[in-house]
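Reading through the structure tokens given below for one structure.
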Amino acid sequence: MHTCPDESLLRGGNQGGTADLPPLGWAGDFCLMRRARPGGASEARMTELIYHTDSYLREFEAQVLESGPAGVVLDRTAFYPGGGGQPCDLGYLEAADRTWPVSGVRKENAVVVHSCGDNPPAAGVRVRGRLDWDRRYALMRVHTALHVLCGVIWRDYAAHVTGGHMDVLRARMDFEFENMHQDLVREIEARANREVETAREVRVRLLPREEALAIPDLIRTKINLLPEGLREIRVVEIVGLDLQADGGTHLANTREVGVIRIADYKSKGRINKRLEIVLQ
Ligand SMILES: [Zn+2]
């Protein structure tokens, strides 16, 4: 979500380098976009990103397109490759009587590469992918929890997010929040948990760029600074609370977040403040 752009989508694209990229931070949530023109011989390979449309799929069938020590490229995958502050998934690939642990996943242009050790499944093999679901689901809970927090802090305090990082069941988020102080922390925590208990639906949509740009709430994520070549923008909405351009995996409803505890508060300067959250 909020920190690191999905550099793999930006690097080596069809046009432009990184010179016109917006700064890292909240605005850097690019893992969500699709390049307008994926054409060109070197970009003929593509992995269908199942996690973009179904974040609850934990097992799937796929074919190995390419294989080598650097990793395995599949024609489709539910493994999230990491990006936008959300770590990658882990899990297994299986075929017949063999199992390969997936120890890392990354995105390289239009494909997702799965690290499967020295003897990965060969090109052409049909495999079954199986996510480490406990890890993934915990990351979904923490990612949606951060959006709840951002939504509350924007709505009630008009503070922007400048960065963030997620881990399994814990995360930190930085805000431009000059008036933040320790006494506010419990109030923010209570308000965030109230939104969780409200059981708000979370919707994911792919919108044409122009349509996304016309949504006033999205302006604060500075998506208008995105490279011109991005035609579609993935939008994650916590209905009634928060709307963001986002490429990560999310819960279907805020009630699945559970209880948010703000475990730490740090002032990183006059304006920049950091909150750390923990989920049970
Ligand atoms: Zn996010």
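We label chains A, B, ... in the order they appear in the structure tokens, count residues from 1 in each chain, and number ligands from 1 in the order shown.
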
Can I get the residues of range 153-200 of chain A within 10 Å of range 130-137 of chain A, each with the closest pair of atoms and their distance in Å to one decimal, using only C-alpha atoms, sorted chain first then ascending number, as a Markdown table?
| residue | atom | partner | partner_atom | distance |
| --- | --- | --- | --- | --- |
| A:Asp167 | CA | A:Arg135 | CA | 9.4 |
| A:Val168 | CA | A:Arg135 | CA | 6.5 |
| A:Leu169 | CA | A:Arg135 | CA | 8.8 |

Sorted by chain and rising residue number, which residues of chain A lie within 8 Å of ligand 1, and what are their closest atom pairs and distances in Å to one decimal, counting only C-alpha atoms and all ligand atoms, as a tab-separated table?
residue	atom	partner	partner_atom_place_in_ligand_line	distance
A:Met1	CA	ligand 1	1 (Zn)	3.0
A:His2	CA	ligand 1	1 (Zn)	5.6
A:Asp29	CA	ligand 1	1 (Zn)	7.2
A:Gly84	CA	ligand 1	1 (Zn)	6.7
A:Gly85	CA	ligand 1	1 (Zn)	7.6
A:Gln86	CA	ligand 1	1 (Zn)	7.8
A:His143	CA	ligand 1	1 (Zn)	6.0
A:Thr144	CA	ligand 1	1 (Zn)	7.2
A:Leu146	CA	ligand 1	1 (Zn)	7.2
A:His147	CA	ligand 1	1 (Zn)	6.2
A:Val236	CA	ligand 1	1 (Zn)	8.0
A:Gln244	CA	ligand 1	1 (Zn)	7.2
A:Ala245	CA	ligand 1	1 (Zn)	7.7
A:Asp246	CA	ligand 1	1 (Zn)	5.2
A:Gly247	CA	ligand 1	1 (Zn)	7.0
A:Gly248	CA	ligand 1	1 (Zn)	5.9

C-alpha atoms of the current selection, written as a PDB file, in the first residue's frame:
ATOM      1  CA  MET A   1       0.000   0.000   0.000  1.00  0.00           C
ATOM      2  CA  HIS A   2       1.722   2.966   1.174  1.00  0.00           C
ATOM      3  CA  ASP A  29       1.171   2.771  -4.198  1.00  0.00           C
ATOM      4  CA  GLY A  84       3.276  -1.196  -1.640  1.00  0.00           C
ATOM      5  CA  GLY A  85       4.472  -2.105   1.833  1.00  0.00           C
ATOM      6  CA  GLN A  86       2.862  -5.556   1.868  1.00  0.00           C
ATOM      7  CA  HIS A 143      -3.355  -4.266   5.449  1.00  0.00           C
ATOM      8  CA  THR A 144      -7.075  -3.607   5.778  1.00  0.00           C
ATOM      9  CA  LEU A 146      -4.066   0.168   8.068  1.00  0.00           C
ATOM     10  CA  HIS A 147      -6.663   1.407   5.604  1.00  0.00           C
ATOM     11  CA  VAL A 236      -9.779  -0.458  -2.866  1.00  0.00           C
ATOM     12  CA  GLN A 244      -7.376   4.295  -2.211  1.00  0.00           C
ATOM     13  CA  ALA A 245      -5.437   3.300  -5.262  1.00  0.00           C
ATOM     14  CA  ASP A 246      -3.936   0.067  -4.056  1.00  0.00           C
ATOM     15  CA  GLY A 247      -2.471  -3.175  -5.328  1.00  0.00           C
ATOM     16  CA  GLY A 248      -2.535  -5.280  -2.193  1.00  0.00           C
TER      17      GLY A 248
END

Out of range 123-187 of chain A, which residues get strand (DSSP E) from DSSP, as a list in words?
-> Arg126, Val127, Arg128, Gly129, Arg130, Leu131, His160, Val161, Thr162, Gly163, Gly164, His165, Met166, Asp167, Arg170, Ala171, Arg172, Met173, Asp174, Phe175 and Glu176 of chain A

I need the residues in range 84-164 of chain A that are helix (DSSP H, G or I) according to DSSP; give them as a PDB file with C-alpha atoms, in the first residue's frame.
ATOM      1  CA  TRP A 133      -2.671 -19.078   4.211  1.00  0.00           C
ATOM      2  CA  ASP A 134      -2.110 -18.171   7.868  1.00  0.00           C
ATOM      3  CA  ARG A 135       0.571 -15.713   6.784  1.00  0.00           C
ATOM      4  CA  ARG A 136      -1.423 -14.290   3.874  1.00  0.00           C
ATOM      5  CA  TYR A 137      -4.612 -13.897   5.873  1.00  0.00           C
ATOM      6  CA  ALA A 138      -2.712 -12.162   8.674  1.00  0.00           C
ATOM      7  CA  LEU A 139      -1.241  -9.768   6.083  1.00  0.00           C
ATOM      8  CA  MET A 140      -4.699  -9.108   4.656  1.00  0.00           C
ATOM      9  CA  ARG A 141      -5.992  -8.323   8.125  1.00  0.00           C
ATOM     10  CA  VAL A 142      -3.126  -5.969   8.856  1.00  0.00           C
ATOM     11  CA  HIS A 143      -3.355  -4.266   5.449  1.00  0.00           C
ATOM     12  CA  THR A 144      -7.075  -3.607   5.778  1.00  0.00           C
ATOM     13  CA  ALA A 145      -6.493  -2.458   9.372  1.00  0.00           C
ATOM     14  CA  LEU A 146      -4.066   0.168   8.068  1.00  0.00           C
ATOM     15  CA  HIS A 147      -6.663   1.407   5.604  1.00  0.00           C
ATOM     16  CA  VAL A 148      -9.174   1.684   8.446  1.00  0.00           C
ATOM     17  CA  LEU A 149      -6.627   3.696  10.410  1.00  0.00           C
ATOM     18  CA  CYS A 150      -5.823   5.915   7.430  1.00  0.00           C
ATOM     19  CA  GLY A 151      -9.502   6.426   6.752  1.00  0.00           C
ATOM     20  CA  VAL A 152     -10.186   7.516  10.314  1.00  0.00           C
ATOM     21  CA  ILE A 153      -7.133   9.761  10.536  1.00  0.00           C
ATOM     22  CA  TRP A 154      -7.956  11.441   7.243  1.00  0.00           C
ATOM     23  CA  ARG A 155     -11.662  11.822   7.970  1.00  0.00           C
ATOM     24  CA  ASP A 156     -11.340  13.025  11.566  1.00  0.00           C
ATOM     25  CA  TYR A 157      -7.938  14.745  11.618  1.00  0.00           C
TER      26      TYR A 157
END

Using only C-alpha atoms, which residue out of A:Arg255, A:Lys266, A:Lys107, A:His250 lies closest to Ser55 in chain A?
->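 Of the candidates, the smallest distance to Ser55 in chain A is held by A:His250.
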
Can you pull out every residue within 7 Å of Thr77 in chain A, counting only C-alpha atoms, but drop anything in the same chain fewer than 3 positions away, and send it as a list in words?
-> Thr47, Glu48, Leu49, Ile50 and Leu74 of chain A

Would you kindly return, as a list in words, each protein, DNA or RNA residue with an atom no farther than 7 Å from any atom of range 193-204 of chain A, considering only C-alpha atoms and excluding same-chain residues fewer than 6 positions away?
->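 My list of contacting residues is Val235, Val236, Glu237, Ile238, Val239, Leu251, Ala252, Asn253, Thr254, Arg255, Val257, Val259 and Ile260 of chain A.
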
Tell me, as a list in words, which residues lie within 7 Å of Ala263 in chain A, counting only C-alpha atoms; anything in the same chain fewer than 3 positions away does not count.
->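 Contacts, with the query itself left out: Glu276, Ile277 and Val278 of chain A.
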
Among listed residues A:Asp183, A:Glu232, A:Tyr80, A:Leu207, nearest Tyr56 in chain A (using only C-alpha atoms) =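 Of all the options, A:Tyr80 lies closest to Tyr56 in chain A.
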
Find the residues near Asp118 in chain A: any atom within 9 Å, counting only C-alpha atoms, skip ones fewer than 5 places away on the same chain, and give them as a count of residues only.
-> 4

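Here the question is which of A:Lys268, A:Arg128, A:Arg98, A:Arg261 gets nearest to Arg170 in chain A using only C-alpha atoms, and that residue is A:Arg261.
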
For the atom pair CA of Asn119 in chain A and CA of Val72 in chain A, what is the interatomic distance in Å to one decimal place?
->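 Distance reported for this atom pair: 10.2 Å.
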